[in-house]
>>> print(open('coords-v1.txt').read())   # compact mmCIF, C-alpha atoms and all ligand atoms
# COMPACT_ATOMS: atom_id res chain seq x y z
CA MET H 18 -14.68 17.74 38.01
CA LYS H 19 -11.46 16.53 39.69
CA LYS H 20 -13.44 15.47 42.75
CA GLU H 21 -15.97 13.63 40.57
CA LEU H 22 -13.25 11.72 38.73
CA GLU H 23 -11.50 10.84 41.97
CA SER H 24 -14.67 9.42 43.46
CA ILE H 25 -15.49 7.07 40.59
CA ARG H 26 -14.99 3.57 41.92
CA VAL H 27 -16.07 0.60 39.85
CA GLU H 28 -16.30 -2.81 41.45
CA TYR H 29 -15.82 -5.46 38.77
CA LYS H 30 -17.60 -8.72 39.33
CA SER H 31 -17.18 -11.01 36.34
CA LYS H 32 -17.02 -14.73 36.95
CA PRO H 33 -13.50 -16.09 37.46
CA LEU H 34 -11.92 -17.55 34.36
CA ASN H 35 -11.00 -21.19 34.23
CA TYR H 36 -7.50 -21.03 32.80
CA ASN H 37 -7.77 -24.67 31.71
CA ASN H 38 -10.56 -23.70 29.31
CA LEU H 39 -8.60 -21.12 27.32
CA LEU H 40 -8.45 -21.91 23.62
CA PRO H 41 -4.92 -22.74 22.38
CA ASN H 42 -5.17 -20.21 19.53
CA PRO H 43 -5.73 -16.61 20.72
CA ILE H 44 -7.47 -15.65 17.47
CA HIS H 45 -10.16 -18.23 18.37
CA GLN H 46 -10.29 -16.86 21.93
CA LEU H 47 -10.64 -13.33 20.51
CA LYS H 48 -13.46 -14.41 18.19
CA LEU H 49 -15.21 -16.04 21.17
CA TRP H 50 -15.09 -12.83 23.24
CA LEU H 51 -16.05 -10.64 20.26
CA ASN H 52 -19.03 -12.90 19.48
CA GLU H 53 -20.13 -12.66 23.12
CA ALA H 54 -19.93 -8.85 22.87
CA ILE H 55 -22.00 -8.89 19.67
CA GLU H 56 -24.59 -11.21 21.24
CA LEU H 57 -24.91 -8.75 24.15
CA ASN H 58 -25.76 -6.05 21.55
CA ILE H 59 -22.85 -3.89 22.61
CA LYS H 60 -22.83 -0.87 20.29
CA ASP H 61 -19.80 -0.87 17.98
CA ALA H 62 -18.57 -4.14 19.52
CA ASN H 63 -16.15 -4.40 16.57
CA ALA H 64 -14.67 -0.94 17.24
CA VAL H 65 -11.03 -1.01 18.31
CA ILE H 66 -8.38 1.59 19.16
CA LEU H 67 -5.59 1.40 16.59
CA SER H 68 -2.25 2.93 17.62
CA THR H 69 0.49 3.65 15.11
CA PHE H 70 3.88 5.30 15.40
CA ASP H 71 6.26 7.16 13.15
CA LYS H 72 8.86 9.83 13.88
CA LEU H 73 6.95 12.57 12.06
CA ASN H 74 3.62 12.22 13.91
CA GLY H 75 4.64 10.36 17.10
CA VAL H 76 2.15 7.88 18.56
CA GLN H 77 -1.37 8.30 17.15
CA SER H 78 -4.48 6.45 18.29
CA ARG H 79 -7.91 6.34 16.72
CA VAL H 80 -10.92 4.04 16.40
CA VAL H 81 -11.41 1.75 13.40
CA LEU H 82 -13.92 -1.02 12.79
CA ILE H 83 -12.79 -4.63 12.42
CA LYS H 84 -14.67 -6.07 9.46
CA GLU H 85 -13.28 -9.60 9.31
CA ILE H 86 -11.18 -11.95 11.41
CA THR H 87 -9.34 -14.64 9.45
CA ASN H 88 -6.93 -17.32 10.72
CA LEU H 89 -4.16 -14.85 9.92
CA GLY H 90 -5.52 -11.72 11.61
CA LEU H 91 -7.93 -8.81 11.88
CA VAL H 92 -9.03 -6.73 8.87
CA PHE H 93 -10.02 -3.06 8.80
CA TYR H 94 -10.56 -0.64 5.92
CA THR H 95 -9.39 2.90 5.45
CA ASN H 96 -8.00 5.58 3.17
CA TYR H 97 -4.45 4.78 2.03
CA ASN H 98 -3.66 8.53 1.99
CA SER H 99 -4.65 9.06 5.63
CA VAL H 100 -2.23 9.80 8.49
CA LYS H 101 -2.53 6.23 9.77
CA ALA H 102 -1.64 4.87 6.33
CA SER H 103 1.42 7.09 6.00
CA GLN H 104 2.54 5.99 9.47
CA ILE H 105 2.03 2.33 8.56
CA LEU H 106 4.12 2.87 5.43
CA ASN H 107 7.00 4.06 7.64
CA ASN H 108 6.48 1.54 10.41
CA ASN H 109 4.02 -1.32 10.14
CA ASN H 110 4.20 -2.32 13.82
CA ILE H 111 0.92 -1.35 15.46
CA SER H 112 -1.26 -2.11 18.45
CA LEU H 113 -5.00 -2.59 18.87
CA CYS H 114 -7.09 -2.32 22.03
CA PHE H 115 -10.71 -3.46 22.42
CA PHE H 116 -12.64 -2.44 25.55
CA TRP H 117 -16.15 -3.69 26.26
CA SER H 118 -17.19 -1.92 29.46
CA LYS H 119 -20.44 -3.86 29.79
CA MET H 120 -18.48 -7.12 29.81
CA GLU H 121 -15.59 -5.82 31.89
CA ARG H 122 -13.20 -7.07 29.24
CA GLN H 123 -10.20 -5.69 27.37
CA ILE H 124 -8.09 -7.27 24.62
CA ARG H 125 -4.71 -5.80 23.63
CA ILE H 126 -2.98 -6.85 20.45
CA ASN H 127 0.52 -6.22 19.10
CA GLY H 128 1.40 -7.11 15.58
CA TYR H 129 2.28 -5.88 12.16
CA VAL H 130 0.11 -4.72 9.31
CA GLU H 131 -0.06 -5.62 5.63
CA LYS H 132 -2.37 -4.35 2.90
CA THR H 133 -5.11 -6.82 2.01
CA SER H 134 -5.22 -8.14 -1.56
CA ASP H 135 -7.08 -6.11 -4.20
CA GLU H 136 -9.60 -8.95 -4.36
CA THR H 137 -10.35 -8.75 -0.61
CA SER H 138 -10.68 -4.96 -0.74
CA ASP H 139 -12.89 -5.13 -3.85
CA ASN H 140 -15.16 -7.74 -2.25
CA TYR H 141 -15.68 -5.62 0.84
CA TRP H 142 -16.03 -2.40 -1.22
CA ASN H 143 -18.75 -3.99 -3.35
CA SER H 144 -20.65 -5.12 -0.23
CA ARG H 145 -20.86 -1.52 1.10
CA PRO H 146 -23.99 0.62 0.61
CA LEU H 147 -23.76 3.05 -2.32
CA ASN H 148 -23.66 6.08 -0.02
CA SER H 149 -20.69 4.70 1.93
CA ARG H 150 -18.82 4.02 -1.30
CA ILE H 151 -19.44 7.52 -2.65
CA SER H 152 -18.53 9.02 0.69
CA ALA H 153 -15.19 7.11 0.67
CA LEU H 154 -14.51 8.50 -2.83
CA PHE H 155 -15.41 11.99 -1.67
CA SER H 156 -13.33 12.03 1.51
CA LYS H 157 -9.74 13.23 1.48
CA GLN H 158 -9.39 11.66 4.92
CA SER H 159 -7.02 13.51 7.29
CA SER H 160 -6.45 16.46 4.89
CA GLU H 161 -7.30 19.97 6.03
CA VAL H 162 -10.57 21.50 4.93
CA ASP H 163 -11.74 25.11 5.11
CA LYS H 164 -13.88 25.89 8.18
CA ASN H 165 -16.61 27.34 5.97
CA TYR H 166 -16.71 24.42 3.57
CA ASP H 167 -20.24 23.01 3.40
CA LEU H 168 -19.42 19.32 3.61
CA GLU H 169 -23.01 18.10 3.26
CA LYS H 170 -23.85 20.31 0.29
CA GLU H 171 -20.62 19.45 -1.54
CA PHE H 172 -21.23 15.76 -0.88
CA GLU H 173 -24.75 15.97 -2.31
CA GLU H 174 -23.37 17.62 -5.47
CA PHE H 175 -20.57 15.07 -5.70
CA LYS H 176 -23.14 12.28 -5.39
CA ASN H 177 -25.03 13.54 -8.44
CA ASN H 178 -22.03 12.65 -10.63
CA PHE H 179 -22.56 9.00 -9.85
CA LYS H 180 -26.17 8.59 -10.88
CA ASP H 181 -26.51 5.24 -12.71
CA LYS H 182 -22.74 4.75 -12.71
CA VAL H 183 -20.75 1.85 -11.26
CA VAL H 184 -18.81 3.18 -8.26
CA LYS H 185 -15.48 1.38 -8.42
CA ARG H 186 -13.03 1.18 -5.53
CA PRO H 187 -10.39 3.89 -5.86
CA ASN H 188 -6.70 2.93 -5.51
CA ASN H 189 -6.39 5.01 -2.35
CA TRP H 190 -8.95 3.00 -0.37
CA GLY H 191 -8.70 -0.55 0.89
CA GLY H 192 -7.96 -2.93 3.71
CA TYR H 193 -5.18 -3.73 6.11
CA ILE H 194 -4.76 -6.99 7.97
CA VAL H 195 -3.24 -6.92 11.45
CA ILE H 196 -1.15 -10.05 11.96
CA PRO H 197 -0.75 -10.48 15.71
CA ASN H 198 2.31 -11.72 17.56
CA LYS H 199 0.96 -10.98 21.06
CA ILE H 200 -2.63 -10.93 22.35
CA GLU H 201 -3.50 -10.12 25.94
CA PHE H 202 -6.90 -10.69 27.56
CA TRP H 203 -8.19 -8.94 30.70
CA SER H 204 -11.38 -9.64 32.59
CA GLY H 205 -12.57 -7.63 35.62
CA ARG H 206 -12.81 -9.38 38.99
CA ASN H 207 -13.65 -8.59 42.59
CA SER H 208 -11.24 -6.50 44.71
CA ARG H 209 -9.05 -5.71 41.68
CA GLN H 210 -7.89 -9.35 41.42
CA HIS H 211 -8.60 -9.29 37.70
CA ASP H 212 -7.93 -12.16 35.32
CA ARG H 213 -5.18 -11.49 32.82
CA PHE H 214 -3.45 -13.78 30.37
CA VAL H 215 -1.22 -13.26 27.39
CA TYR H 216 -0.43 -15.30 24.30
CA LYS H 217 2.92 -14.80 22.58
CA LYS H 218 3.89 -16.27 19.28
CA ASN H 219 7.14 -18.10 18.85
CA LYS H 220 6.65 -20.98 16.47
CA ASP H 221 3.41 -21.83 18.24
CA TRP H 222 1.31 -19.72 20.55
CA LEU H 223 2.31 -19.87 24.22
CA VAL H 224 -0.12 -18.63 26.89
CA LYS H 225 0.85 -17.27 30.33
CA ARG H 226 -1.13 -15.81 33.20
CA LEU H 227 -0.11 -12.36 34.50
CA PHE H 228 -0.67 -10.43 37.72
CA PRO H 229 -3.37 -7.85 36.98
C1 LIG J 1 -16.84 4.33 15.93
C2 LIG J 1 -15.82 4.77 14.91
C3 LIG J 1 -15.51 3.93 13.86
C4 LIG J 1 -14.56 4.32 12.91
N1 LIG J 1 -14.20 3.44 11.92
C5 LIG J 1 -13.25 3.78 11.03
C6 LIG J 1 -12.78 2.83 10.07
O1 LIG J 1 -13.20 1.65 10.03
N2 LIG J 1 -11.84 3.25 9.17
C7 LIG J 1 -11.32 4.52 9.20
O2 LIG J 1 -10.49 4.83 8.36
N3 LIG J 1 -11.71 5.43 10.12
C8 LIG J 1 -12.66 5.08 11.04
N4 LIG J 1 -13.05 5.98 12.01
C9 LIG J 1 -12.43 7.34 12.00
C10 LIG J 1 -11.03 7.27 12.64
O3 LIG J 1 -11.14 7.15 14.05
C11 LIG J 1 -10.15 8.48 12.30
O4 LIG J 1 -10.80 9.66 12.67
C12 LIG J 1 -9.83 8.53 10.80
O5 LIG J 1 -9.58 7.25 10.28
C13 LIG J 1 -8.62 9.42 10.53
O6 LIG J 1 -7.51 8.92 11.24
P1 LIG J 1 -5.99 9.30 10.83
O7 LIG J 1 -5.99 10.76 10.48
O8 LIG J 1 -5.18 9.00 12.05
O9 LIG J 1 -5.60 8.43 9.67
C14 LIG J 1 -13.95 5.60 12.99
C15 LIG J 1 -14.27 6.44 14.07
C16 LIG J 1 -15.18 6.02 15.02
C17 LIG J 1 -15.45 6.93 16.19
>>> encode(input="coords-v1.txt", output="structure tokens")
Amino acid sequence: MKKELESIRVEYKSKPLNYNNLLPNPIHQLKLWLNEAIELNIKDANAVILSTFDKLNGVQSRVVLIKEITNLGLVFYTNYNSVKASQILNNNNISLCFFWSKMERQIRINGYVEKTSDETSDNYWNSRPLNSRISALFSKQSSEVDKNYDLEKEFEEFKNNFKDKVVKRPNNWGGYIVIPNKIEFWSGRNSRQHDRFVYKKNKDWLVKRLFP
């Protein structure tokens, strides 16, 4: 296994970036790269690693799906009783990392998180398929469950309670918006001379190129 890992050598060969063509607003640049990933049919192109920190749990990373990008930031949805939510309550500074292997591209984001409005969460909730809504109601995300618990059977029984009923969004489920203050883009190049540039927010966004 060790030998196999050691011998993996990837030669990246994306076209060089023209730094004069970068968009002044990194959220627009991010949307451009994400749209290119979606057009290439990359599975879960909107999946991103979300890292959170608090003293109790340390640094925790997990995947979430970005469901909207506004001029302010990136929106994902989750359970407000989950570990990530309790960490965010203690410390709302987070980081995100996209990686699209097929495109040889990575985007790293630092920022802070706020809950989305009830209206935004309701709109997204109501757009979800019935099964996903019931499953969000059913899940006590991040809580322990007995090893012998028959999740599928219990879910089917739980579902029966909702026949012909309106499934309203529970208070413990909704969105967060990540408001970035730093966004870094990386694109693979020949001989490890990768392209890398970072936007930092002062009053306006300032972009700088970095050594890879
Ligand atoms: C492809 C993929 C997409 C996921 N999307 C979400 C999501 O949008 N929201 C969410 O709460 N969990 C999502 N998860 C599950 C999380 O990674 C994680 O297991 C869960 O949110 C519990 O994390 P926590 O205990 O740190 O709060 C996804 C997992 C994968 C692999």
>>> atom_distance(input="coords-v1.txt", atom1="CA of Leu223 (chain H)", atom2="CA of Ile124 (chain H)")
16.3 Å
>>> closest_atom_pairs(input="coords-v1.txt", of="chain H", to="ligand LIG 1 (chain J)", cutoff="7 Å", atoms="all atoms listed in the file", output="JSON lines")
{"residue": "H:Asp61", "atom": "CA", "partner": "J:LIG1", "partner_atom": "C1", "distance": 6.3}
{"residue": "H:Ala64", "atom": "CA", "partner": "J:LIG1", "partner_atom": "C1", "distance": 5.8}
{"residue": "H:Gln77", "atom": "CA", "partner": "J:LIG1", "partner_atom": "O8", "distance": 6.4}
{"residue": "H:Ser78", "atom": "CA", "partner": "J:LIG1", "partner_atom": "O8", "distance": 6.8}
{"residue": "H:Arg79", "atom": "CA", "partner": "J:LIG1", "partner_atom": "O3", "distance": 4.3}
{"residue": "H:Val80", "atom": "CA", "partner": "J:LIG1", "partner_atom": "O3", "distance": 3.9}
{"residue": "H:Val81", "atom": "CA", "partner": "J:LIG1", "partner_atom": "N1", "distance": 3.6}
{"residue": "H:Leu82", "atom": "CA", "partner": "J:LIG1", "partner_atom": "O1", "distance": 3.9}
{"residue": "H:Ile83", "atom": "CA", "partner": "J:LIG1", "partner_atom": "O1", "distance": 6.7}
{"residue": "H:Phe93", "atom": "CA", "partner": "J:LIG1", "partner_atom": "O1", "distance": 5.8}
{"residue": "H:Tyr94", "atom": "CA", "partner": "J:LIG1", "partner_atom": "N2", "distance": 5.2}
{"residue": "H:Thr95", "atom": "CA", "partner": "J:LIG1", "partner_atom": "O2", "distance": 3.7}
{"residue": "H:Asn96", "atom": "CA", "partner": "J:LIG1", "partner_atom": "O2", "distance": 5.8}
{"residue": "H:Ser99", "atom": "CA", "partner": "J:LIG1", "partner_atom": "O9", "distance": 4.2}
{"residue": "H:Val100", "atom": "CA", "partner": "J:LIG1", "partner_atom": "O9", "distance": 3.8}
{"residue": "H:Lys101", "atom": "CA", "partner": "J:LIG1", "partner_atom": "O9", "distance": 3.8}
{"residue": "H:Ala102", "atom": "CA", "partner": "J:LIG1", "partner_atom": "O9", "distance": 6.3}
{"residue": "H:Gln158", "atom": "CA", "partner": "J:LIG1", "partner_atom": "C13", "distance": 6.1}
{"residue": "H:Ser159", "atom": "CA", "partner": "J:LIG1", "partner_atom": "O7", "distance": 4.3}
>>> closest_residue(input="coords-v1.txt", among="H:Leu34, H:Ile25, H:Leu39, H:Cys114", to="Asp212 (chain H)", atoms="all atoms listed in the file")
H:Leu34
>>> closest_residue(input="coords-v1.txt", among="H:Lys170, H:Arg186, H:Lys19, H:Lys119", to="Asp135 (chain H)", atoms="only C-alpha atoms")
H:Arg186
>>> residues_near_point(input="coords-v1.txt", point="(-13.3, -8.7, 44.0)", cutoff="9 Å", atoms="all atoms listed in the file", output="count of residues only")
11
>>> atom_distance(input="coords-v1.txt", atom1="CA of Lys48 (chain H)", atom2="CA of Trp203 (chain H)")
14.6 Å
>>> residues_around(input="coords-v1.txt", residues="Met120 (chain H)", least_positions_apart="5", cutoff="12 Å", atoms="all atoms listed in the file", output="ChimeraX atom specification")
/H:29-32,50-59,62,115,203-206
>>> closest_residue(input="coords-v1.txt", among="H:Trp222, H:Phe202, H:Tyr36, H:Phe214", to="Leu49 (chain H)", atoms="all atoms listed in the file")
H:Phe202
>>> residues_around(input="coords-v1.txt", residues="Val92 (chain H)", least_positions_apart="5", cutoff="8 Å", atoms="only C-alpha atoms", output="PyMOL selection string")
chain H and resi 83-87+133+192-195
>>> closest_residue(input="coords-v1.txt", among="H:Lys164, H:Lys72, H:Arg125, H:Lys218", to="Ile200 (chain H)", atoms="only C-alpha atoms")
H:Arg125
>>> closest_residue(input="coords-v1.txt", among="H:Asn42, H:Asn110, H:Asn35, H:Gln104", to="Asp221 (chain H)", atoms="all atoms listed in the file")
H:Asn42
>>> atom_distance(input="coords-v1.txt", atom1="CA of Ile44 (chain H)", atom2="CA of Gly128 (chain H)")
12.5 Å
>>> closest_residue(input="coords-v1.txt", among="H:Ser112, H:Asn188, H:Asn63, H:Glu201", to="Tyr97 (chain H)", atoms="all atoms listed in the file")
H:Asn188
>>> build_atoms(input="coords-v1.txt", residues="region 96-116 of chain H", atoms="N, CA and C atoms", output="PDB file, in the frame of the given file")
ATOM      1  N   ASN H  96      -8.542   4.819   4.299  1.00  0.00           N
ATOM      2  CA  ASN H  96      -8.000   5.580   3.170  1.00  0.00           C
ATOM      3  C   ASN H  96      -6.475   5.438   3.190  1.00  0.00           C
ATOM      4  N   TYR H  97      -5.906   4.994   2.079  1.00  0.00           N
ATOM      5  CA  TYR H  97      -4.450   4.780   2.030  1.00  0.00           C
ATOM      6  C   TYR H  97      -3.658   6.083   1.973  1.00  0.00           C
ATOM      7  N   ASN H  98      -4.362   7.245   1.920  1.00  0.00           N
ATOM      8  CA  ASN H  98      -3.660   8.530   1.990  1.00  0.00           C
ATOM      9  C   ASN H  98      -3.791   9.178   3.374  1.00  0.00           C
ATOM     10  N   SER H  99      -4.413   8.469   4.316  1.00  0.00           N
ATOM     11  CA  SER H  99      -4.650   9.060   5.630  1.00  0.00           C
ATOM     12  C   SER H  99      -3.351   9.086   6.449  1.00  0.00           C
ATOM     13  N   VAL H 100      -3.404   9.753   7.598  1.00  0.00           N
ATOM     14  CA  VAL H 100      -2.230   9.800   8.490  1.00  0.00           C
ATOM     15  C   VAL H 100      -1.851   8.385   8.922  1.00  0.00           C
ATOM     16  N   LYS H 101      -2.863   7.586   9.296  1.00  0.00           N
ATOM     17  CA  LYS H 101      -2.530   6.230   9.770  1.00  0.00           C
ATOM     18  C   LYS H 101      -1.808   5.436   8.696  1.00  0.00           C
ATOM     19  N   ALA H 102      -2.249   5.621   7.425  1.00  0.00           N
ATOM     20  CA  ALA H 102      -1.640   4.870   6.330  1.00  0.00           C
ATOM     21  C   ALA H 102      -0.200   5.323   6.096  1.00  0.00           C
ATOM     22  N   SER H 103       0.037   6.626   6.224  1.00  0.00           N
ATOM     23  CA  SER H 103       1.420   7.090   6.000  1.00  0.00           C
ATOM     24  C   SER H 103       2.296   6.604   7.151  1.00  0.00           C
ATOM     25  N   GLN H 104       1.746   6.524   8.350  1.00  0.00           N
ATOM     26  CA  GLN H 104       2.540   5.990   9.470  1.00  0.00           C
ATOM     27  C   GLN H 104       2.867   4.514   9.251  1.00  0.00           C
ATOM     28  N   ILE H 105       1.855   3.776   8.780  1.00  0.00           N
ATOM     29  CA  ILE H 105       2.030   2.330   8.560  1.00  0.00           C
ATOM     30  C   ILE H 105       3.092   2.087   7.473  1.00  0.00           C
ATOM     31  N   LEU H 106       3.118   2.989   6.495  1.00  0.00           N
ATOM     32  CA  LEU H 106       4.120   2.870   5.430  1.00  0.00           C
ATOM     33  C   LEU H 106       5.536   2.994   6.001  1.00  0.00           C
ATOM     34  N   ASN H 107       5.686   3.870   7.005  1.00  0.00           N
ATOM     35  CA  ASN H 107       7.000   4.060   7.640  1.00  0.00           C
ATOM     36  C   ASN H 107       7.314   2.996   8.658  1.00  0.00           C
ATOM     37  N   ASN H 108       6.269   2.480   9.303  1.00  0.00           N
ATOM     38  CA  ASN H 108       6.480   1.540  10.410  1.00  0.00           C
ATOM     39  C   ASN H 108       5.205   0.713  10.542  1.00  0.00           C
ATOM     40  N   ASN H 109       5.278  -0.547  10.153  1.00  0.00           N
ATOM     41  CA  ASN H 109       4.020  -1.320  10.140  1.00  0.00           C
ATOM     42  C   ASN H 109       3.763  -2.098  11.434  1.00  0.00           C
ATOM     43  N   ASN H 110       4.503  -1.725  12.507  1.00  0.00           N
ATOM     44  CA  ASN H 110       4.200  -2.320  13.820  1.00  0.00           C
ATOM     45  C   ASN H 110       3.124  -1.478  14.499  1.00  0.00           C
ATOM     46  N   ILE H 111       2.054  -2.116  14.901  1.00  0.00           N
ATOM     47  CA  ILE H 111       0.920  -1.350  15.460  1.00  0.00           C
ATOM     48  C   ILE H 111       0.384  -2.058  16.714  1.00  0.00           C
ATOM     49  N   SER H 112      -0.535  -1.395  17.401  1.00  0.00           N
ATOM     50  CA  SER H 112      -1.260  -2.110  18.450  1.00  0.00           C
ATOM     51  C   SER H 112      -2.752  -1.792  18.358  1.00  0.00           C
ATOM     52  N   LEU H 113      -3.542  -2.740  18.823  1.00  0.00           N
ATOM     53  CA  LEU H 113      -5.000  -2.590  18.870  1.00  0.00           C
ATOM     54  C   LEU H 113      -5.446  -2.772  20.305  1.00  0.00           C
ATOM     55  N   CYS H 114      -6.545  -2.089  20.689  1.00  0.00           N
ATOM     56  CA  CYS H 114      -7.090  -2.320  22.030  1.00  0.00           C
ATOM     57  C   CYS H 114      -8.624  -2.272  21.970  1.00  0.00           C
ATOM     58  N   PHE H 115      -9.251  -3.405  22.277  1.00  0.00           N
ATOM     59  CA  PHE H 115     -10.710  -3.460  22.420  1.00  0.00           C
ATOM     60  C   PHE H 115     -11.044  -3.227  23.893  1.00  0.00           C
ATOM     61  N   PHE H 116     -12.139  -2.526  24.162  1.00  0.00           N
ATOM     62  CA  PHE H 116     -12.640  -2.440  25.550  1.00  0.00           C
ATOM     63  C   PHE H 116     -14.161  -2.526  25.498  1.00  0.00           C
TER      64      PHE H 116
END
